[in-house]
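Read through the structure below, which is laid out as structure tokens, and then see the notes.
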Amino acid sequence: MSQTLAILHGIWTQFRSIGMIFMHSFRPRNVISYPEVKPPVPPRYRGRIVLTRDPDGDERCVACNLCAVACPVGCISLQKAERPEDGRWYPEFFRINFSRCIFCGLCEEACPTNAIQLTPDYELCEYDRQNLVYEKEHLQIAGPGKYHDYNFYRVAGMSITGKGKGQALNEDAPIDVKSLLP
Amino acid sequence: MFERIQELLSPVVLAAIWAACKAIIILLTLVVSAAWMIWLERRLLALWQDRYGPNRVGPFGLGQVIADMIKIFFKEDWMPPFVDKFTFVLAPFLAMMFMMLAFALIPITPNWGVFAPDLGMLLFFAIAGLAVYAVMLGGWSSNSKYSLLGGLRSTAQTISYEVFMGISLMGIVAQAGTFNLREIVLWQEQHIWFVIPQFFGFLVWCLAGIAVTHRTPFDLPEAESELAAGYHTEYSGMKFGMFFVGEYVGIVMVSGLTTALFFGGWDGPFSEHVPFLWFAIKCFIFMSGFILLRAALPRPRYDHMMSFAWKICLPLSLINLLATAGIMLWAGN
Ligand code: SF4
Ligand code: SF4
């Protein structure tokens, strides 16, 4: 008896779910017609990667390679160079292979200078795979990106021409370890 | 010369040519509507999942089928090195052929229909039974575990559902007194659509029809989530396309058969003027029903499906047949 009831109940639930699905014919469609209507993207969306400049207009990237090590798929490659005028480090070339990038954002988290940043641009289609390899000139933008005031060489202890040791923001003058005076 | 042509074109010959043309037109309509059913299915599934589905190519996305066909024609038709070549090529042809062959039996309008033999229904069972060979051979010749499992499942499923598919239709045969599908439709035109006196037969037939076409919820031979793609895992290109279209031809065929057997075929108001319209509308409703089932129901476990077949459907159809026979005897006296 109870088994018969269970079977009947099972049949009823099947018909019920068929009916419920059918009622979806009268619901509005939950779709954004993409190429015509762009979906709203939050500002911290992880899309196309850019290299930013500090407020003075110099490249932020100091070619420390931390992003390249952090990258789980290993799609960043760069080469360090040093500017002869002021001793600042900069990448000689900086290459991101966007056909491998998974847009995890770990490079942005690893970067000590806020140089590498992900932007809300997600339209990265190419007919040719090779075109997805972005060089430095494709990545470098003119502005400071998401962090307007940050200037690595102004807050870090590294000395460059025009800013010696101890002259950075919130930095005390270095202690002279060779002197006995307090 | 002219007379010879006139002699050749005697009424008998002309009638034969006309019949052949009709058959070809029906065949083309069947294949085209089966292909466009792919579009219908995608649009309807999308509707029931609150999406749009393919709506870019042509008006309402109707050109999507053409685009897909072009794509599948130009795809590499790769044959794995480990397969049994002859059977591997044979299986998709069989899959499509048997379903089309079964459609030939369906009376579409009073004047249209490929042929209506007196044992039409038995012939249909025979063809439906043969159709399992397509899947079985496809699964076996692929020489891969998933394909073989899919083929095995399909064989077991078809054999068990074939049994009561036959029995569920015997009530109709008993009432109409004929195996001829055209005469069954004519009987319904004069009396009553069989869905009312044969309601339980109709229910069982629906289940069996779904099982024969391997559609969800009875798509265990394909079962994407368990068996990769079941019996056609190793197929690609046009051979896969034939399995695919064959499945839709099967749906059109079962819908047409349901219409003819239970819903009076072309019968309906003003049916003497627009018989085909009624047939098409009824077919369309059943085809949409197949898609609705796919949108709504999950796939049962394999053993559940088999025990349901033997423990519930078979007794139900037997009781239905016995009750029909009893009532007929009682009413006859
Ligand atoms: S987003 Fe992730 S995958 Fe892409 S470059 Fe950065 S670390 Fe690598
Ligand atoms: S982008 Fe940032 S983490 Fe990468 S090398 Fe430049 S400074 Fe270092």
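If you're wondering about the labels, chains in the structure tokens are A, B, ... by order shown, residues count from 1 in each chain, ligands from 1 in order shown.
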Interface list for chain A, partner chain B, 7 Å threshold, only C-alpha atoms, as an NGL selection string: :A and (17-18 or 21-22 or 24-25 or 27-31)
Residues within 9 Å of ligand 2, counting only C-alpha atoms and all ligand atoms, as a ChimeraX atom specification: /A:51-52,60-70,76-80,90-91,94,107-117
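Atom pair CA of Met1 in chain A / CA of Gly19 in chain A has a distance of 27.0 Å (rounded to one decimal).
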Members of chain A assigned strand (DSSP E) by DSSP, as a PyMOL selection string: chain A and resi 49-51+76-82+89-97+116-118+133-134
Same residues, N, CA and C atoms, saved as an mmCIF file, in the first residue's frame:
```cif
data_model
loop_
_atom_site.group_PDB
_atom_site.id
_atom_site.type_symbol
_atom_site.label_atom_id
_atom_site.label_comp_id
_atom_site.auth_asym_id
_atom_site.auth_seq_id
_atom_site.Cartn_x
_atom_site.Cartn_y
_atom_site.Cartn_z
ATOM 1 N N ILE A 49 45.508 43.148 -18.699
ATOM 2 C CA ILE A 49 46.528 43.623 -17.771
ATOM 3 C C ILE A 49 47.231 44.840 -18.360
ATOM 4 N N VAL A 50 47.504 45.844 -17.499
ATOM 5 C CA VAL A 50 48.255 47.015 -17.963
ATOM 6 C C VAL A 50 49.458 47.215 -17.048
ATOM 7 N N LEU A 51 50.434 47.947 -17.549
ATOM 8 C CA LEU A 51 51.558 48.428 -16.734
ATOM 9 C C LEU A 51 51.355 49.926 -16.559
ATOM 10 N N ILE A 76 54.208 35.441 -17.868
ATOM 11 C CA ILE A 76 54.899 36.733 -17.896
ATOM 12 C C ILE A 76 56.386 36.481 -18.089
ATOM 13 N N SER A 77 56.995 37.236 -18.972
ATOM 14 C CA SER A 77 58.450 37.171 -19.029
ATOM 15 C C SER A 77 58.987 38.584 -19.211
ATOM 16 N N LEU A 78 60.096 38.883 -18.528
ATOM 17 C CA LEU A 78 60.644 40.229 -18.590
ATOM 18 C C LEU A 78 62.142 40.170 -18.339
ATOM 19 N N GLN A 79 62.800 41.265 -18.649
ATOM 20 C CA GLN A 79 64.251 41.335 -18.521
ATOM 21 C C GLN A 79 64.592 42.658 -17.850
ATOM 22 N N LYS A 80 65.422 42.571 -16.806
ATOM 23 C CA LYS A 80 65.770 43.796 -16.067
ATOM 24 C C LYS A 80 66.786 44.621 -16.828
ATOM 25 N N ALA A 81 66.676 45.950 -16.713
ATOM 26 C CA ALA A 81 67.705 46.858 -17.219
ATOM 27 C C ALA A 81 67.805 48.016 -16.240
ATOM 28 N N GLU A 82 68.887 48.771 -16.317
ATOM 29 C CA GLU A 82 69.076 49.876 -15.368
ATOM 30 C C GLU A 82 69.240 51.155 -16.148
ATOM 31 N N TRP A 89 65.682 50.909 -11.908
ATOM 32 C CA TRP A 89 65.530 49.686 -12.680
ATOM 33 C C TRP A 89 64.246 49.761 -13.484
ATOM 34 N N TYR A 90 64.329 49.140 -14.648
ATOM 35 C CA TYR A 90 63.104 49.077 -15.455
ATOM 36 C C TYR A 90 63.180 47.831 -16.325
ATOM 37 N N PRO A 91 62.055 47.328 -16.808
ATOM 38 C CA PRO A 91 62.107 46.138 -17.666
ATOM 39 C C PRO A 91 62.523 46.515 -19.090
ATOM 40 N N GLU A 92 63.486 45.780 -19.588
ATOM 41 C CA GLU A 92 63.927 46.037 -20.954
ATOM 42 C C GLU A 92 62.838 45.579 -21.926
ATOM 43 N N PHE A 93 62.335 44.375 -21.678
ATOM 44 C CA PHE A 93 61.102 43.999 -22.375
ATOM 45 C C PHE A 93 60.162 43.391 -21.341
ATOM 46 N N PHE A 94 58.898 43.445 -21.604
ATOM 47 C CA PHE A 94 57.906 42.897 -20.683
ATOM 48 C C PHE A 94 56.828 42.275 -21.552
ATOM 49 N N ARG A 95 56.617 40.991 -21.365
ATOM 50 C CA ARG A 95 55.787 40.267 -22.325
ATOM 51 C C ARG A 95 54.762 39.439 -21.553
ATOM 52 N N ILE A 96 53.494 39.585 -21.881
ATOM 53 C CA ILE A 96 52.456 38.737 -21.284
ATOM 54 C C ILE A 96 51.754 37.995 -22.405
ATOM 55 N N ASN A 97 51.685 36.692 -22.243
ATOM 56 C CA ASN A 97 51.005 35.870 -23.230
ATOM 57 C C ASN A 97 49.559 35.689 -22.780
ATOM 58 N N ILE A 116 51.806 46.497 -12.101
ATOM 59 C CA ILE A 116 50.967 45.650 -12.955
ATOM 60 C C ILE A 116 49.565 45.638 -12.370
ATOM 61 N N GLN A 117 48.582 45.926 -13.202
ATOM 62 C CA GLN A 117 47.211 46.018 -12.713
ATOM 63 C C GLN A 117 46.265 45.392 -13.725
ATOM 64 N N LEU A 118 45.186 44.804 -13.192
ATOM 65 C CA LEU A 118 44.186 44.231 -14.079
ATOM 66 C C LEU A 118 43.040 45.229 -14.234
ATOM 67 N N VAL A 133 50.023 37.789 -27.686
ATOM 68 C CA VAL A 133 51.245 38.050 -26.925
ATOM 69 C C VAL A 133 51.463 39.560 -26.914
ATOM 70 N N TYR A 134 51.304 40.163 -25.731
ATOM 71 C CA TYR A 134 51.389 41.618 -25.623
ATOM 72 C C TYR A 134 52.798 41.999 -25.190
#
```
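Using only C-alpha atoms, the protein and nucleic acid residues lying no more than 7 Å from Phe263 in chain B, apart from those fewer than 4 places from it along its own chain, are Trp193, Phe194, Val195, Thr258 and Thr259 of chain B.
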The selected residues should be written to file as a short mmCIF file (atom, residue, chain, number, x, y, z; two decimals), in the first residue's frame (atoms: all heavy atoms).
```cif
data_model
loop_
_atom_site.label_atom_id
_atom_site.label_comp_id
_atom_site.auth_asym_id
_atom_site.auth_seq_id
_atom_site.Cartn_x
_atom_site.Cartn_y
_atom_site.Cartn_z
N TRP B 193 -11.06 9.25 -30.84
CA TRP B 193 -9.60 9.15 -30.79
C TRP B 193 -9.20 8.13 -29.74
O TRP B 193 -9.76 8.10 -28.64
CB TRP B 193 -8.99 10.50 -30.43
CG TRP B 193 -9.11 11.50 -31.52
CD1 TRP B 193 -9.74 11.34 -32.71
CD2 TRP B 193 -8.60 12.83 -31.52
NE1 TRP B 193 -9.65 12.47 -33.45
CE2 TRP B 193 -8.96 13.41 -32.74
CE3 TRP B 193 -7.87 13.59 -30.59
CZ2 TRP B 193 -8.60 14.71 -33.06
CZ3 TRP B 193 -7.53 14.87 -30.90
CH2 TRP B 193 -7.89 15.44 -32.14
N PHE B 194 -8.19 7.33 -30.05
CA PHE B 194 -7.86 6.21 -29.17
C PHE B 194 -7.28 6.65 -27.84
O PHE B 194 -7.15 5.85 -26.93
CB PHE B 194 -6.86 5.28 -29.86
CG PHE B 194 -7.53 4.22 -30.65
CD1 PHE B 194 -7.23 4.04 -31.98
CD2 PHE B 194 -8.47 3.41 -30.06
CE1 PHE B 194 -7.86 3.07 -32.72
CE2 PHE B 194 -9.10 2.43 -30.80
CZ PHE B 194 -8.80 2.26 -32.12
N VAL B 195 -6.91 7.94 -27.72
CA VAL B 195 -6.31 8.34 -26.46
C VAL B 195 -7.32 8.21 -25.33
O VAL B 195 -6.96 7.98 -24.17
CB VAL B 195 -5.76 9.78 -26.56
CG1 VAL B 195 -6.88 10.77 -26.80
CG2 VAL B 195 -4.98 10.14 -25.33
N THR B 258 2.47 8.58 -32.79
CA THR B 258 1.54 8.88 -31.70
C THR B 258 0.32 9.60 -32.24
O THR B 258 -0.81 9.29 -31.86
CB THR B 258 2.23 9.77 -30.65
OG1 THR B 258 3.54 9.30 -30.45
CG2 THR B 258 1.48 9.77 -29.36
N THR B 259 0.55 10.56 -33.13
CA THR B 259 -0.56 11.27 -33.73
C THR B 259 -1.49 10.31 -34.45
O THR B 259 -2.71 10.37 -34.30
CB THR B 259 -0.02 12.30 -34.73
OG1 THR B 259 0.98 13.06 -34.08
CG2 THR B 259 -1.11 13.20 -35.23
#
```
Selection as a PyMOL selection string: residues within 6 Å of ligand 1 by only C-alpha atoms and all ligand atoms: chain A and resi 70-73+75-76+101-107
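Look at Glu189 in chain B: the protein and nucleic acid residues within 7 Å of it, using only C-alpha atoms and passing over chain neighbours fewer than 3 places away, are Val185, Leu186, Ile192, Gly264 and Asp267 of chain B.
In this model, the gap between CA of Val177 in chain A and CA of Lys165 in chain A comes to 14.2 Å.
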Exercise: Ala126 in chain B partners within 12 Å, only C-alpha atoms, chain neighbours under 3 positions left out, as a PyMOL selection string: chain B and resi 98-99+101-102+119-123+129-133+159+162-163+165-166
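Running DSSP on the backbone and keeping only alpha helix (DSSP H), the residues of range 14-178 of chain A that qualify are Gln14, Phe15, Arg16, Ser17, Ile18, Gly19, Met20, Ile21, Phe22, Met23, Leu66, Cys67, Ala68, Val69, Ala70, Leu106, Cys107, Glu108, Glu109, Ala110, Lys136, Glu137, His138, Leu139, Phe152, Tyr153, Arg154 and Val155 of chain A.
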12 Å contact set for range 152-158 of chain B, only C-alpha atoms, chain neighbours under 5 positions out, as a PyMOL selection string: chain B and resi 125+127-140+145-147+163-166+207-215+218-223+227+230-232+301-310
Store the residues picked out above in a file with C-alpha atoms, as a short mmCIF file (atom, residue, chain, number, x, y, z; two decimals), in the first residue's frame.
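Written file, part-v1.cif:
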```
data_model
loop_
_atom_site.label_atom_id
_atom_site.label_comp_id
_atom_site.auth_asym_id
_atom_site.auth_seq_id
_atom_site.Cartn_x
_atom_site.Cartn_y
_atom_site.Cartn_z
CA PHE B 125 7.84 -3.20 -34.44
CA ILE B 127 11.95 -1.91 -37.78
CA ALA B 128 12.10 -0.49 -34.26
CA GLY B 129 13.68 -3.74 -33.16
CA LEU B 130 16.25 -3.54 -35.95
CA ALA B 131 17.08 0.06 -35.06
CA VAL B 132 18.86 -1.18 -31.98
CA TYR B 133 21.47 -2.74 -34.24
CA ALA B 134 22.64 0.72 -35.27
CA VAL B 135 23.44 1.66 -31.71
CA MET B 136 24.74 -1.75 -30.78
CA LEU B 137 27.05 -1.99 -33.76
CA GLY B 138 28.20 1.58 -33.24
CA GLY B 139 29.03 0.81 -29.62
CA TRP B 140 30.72 -2.47 -30.36
CA LYS B 145 34.68 1.03 -23.08
CA TYR B 146 32.27 3.93 -23.01
CA SER B 147 30.87 3.11 -26.41
CA VAL B 163 8.02 -5.86 -25.25
CA PHE B 164 5.39 -3.65 -23.74
CA MET B 165 5.48 -1.16 -26.58
CA GLY B 166 3.95 -3.93 -28.63
CA LEU B 207 7.33 5.87 -22.15
CA ALA B 208 8.25 3.24 -24.69
CA GLY B 209 8.45 5.83 -27.44
CA ILE B 210 10.88 7.92 -25.44
CA ALA B 211 12.95 4.85 -24.67
CA VAL B 212 13.08 3.83 -28.32
CA THR B 213 14.36 7.23 -29.41
CA HIS B 214 16.91 7.34 -26.54
CA ARG B 215 15.70 10.71 -25.35
CA PHE B 218 15.75 7.51 -21.01
CA ASP B 219 18.95 8.59 -22.73
CA LEU B 220 21.08 6.14 -20.79
CA PRO B 221 22.84 4.86 -23.92
CA GLU B 222 24.29 8.35 -24.36
CA ALA B 223 24.37 9.60 -20.76
CA LEU B 227 29.62 7.62 -20.49
CA GLY B 230 27.81 6.68 -25.02
CA TYR B 231 27.73 4.75 -28.24
CA HIS B 232 28.87 7.63 -30.44
CA ARG B 301 19.50 5.22 -12.55
CA TYR B 302 19.89 2.36 -14.98
CA ASP B 303 18.55 -0.41 -12.74
CA HIS B 304 15.62 1.78 -11.73
CA MET B 305 14.73 2.23 -15.35
CA MET B 306 14.86 -1.49 -16.05
CA SER B 307 12.85 -2.45 -13.01
CA PHE B 308 10.30 0.24 -13.87
CA ALA B 309 9.97 -1.26 -17.32
CA TRP B 310 9.43 -4.83 -16.17
#
```
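Taking CA of Trp78 in chain B and CA of Glu234 in chain B as endpoints, the distance between them is 8.9 Å.
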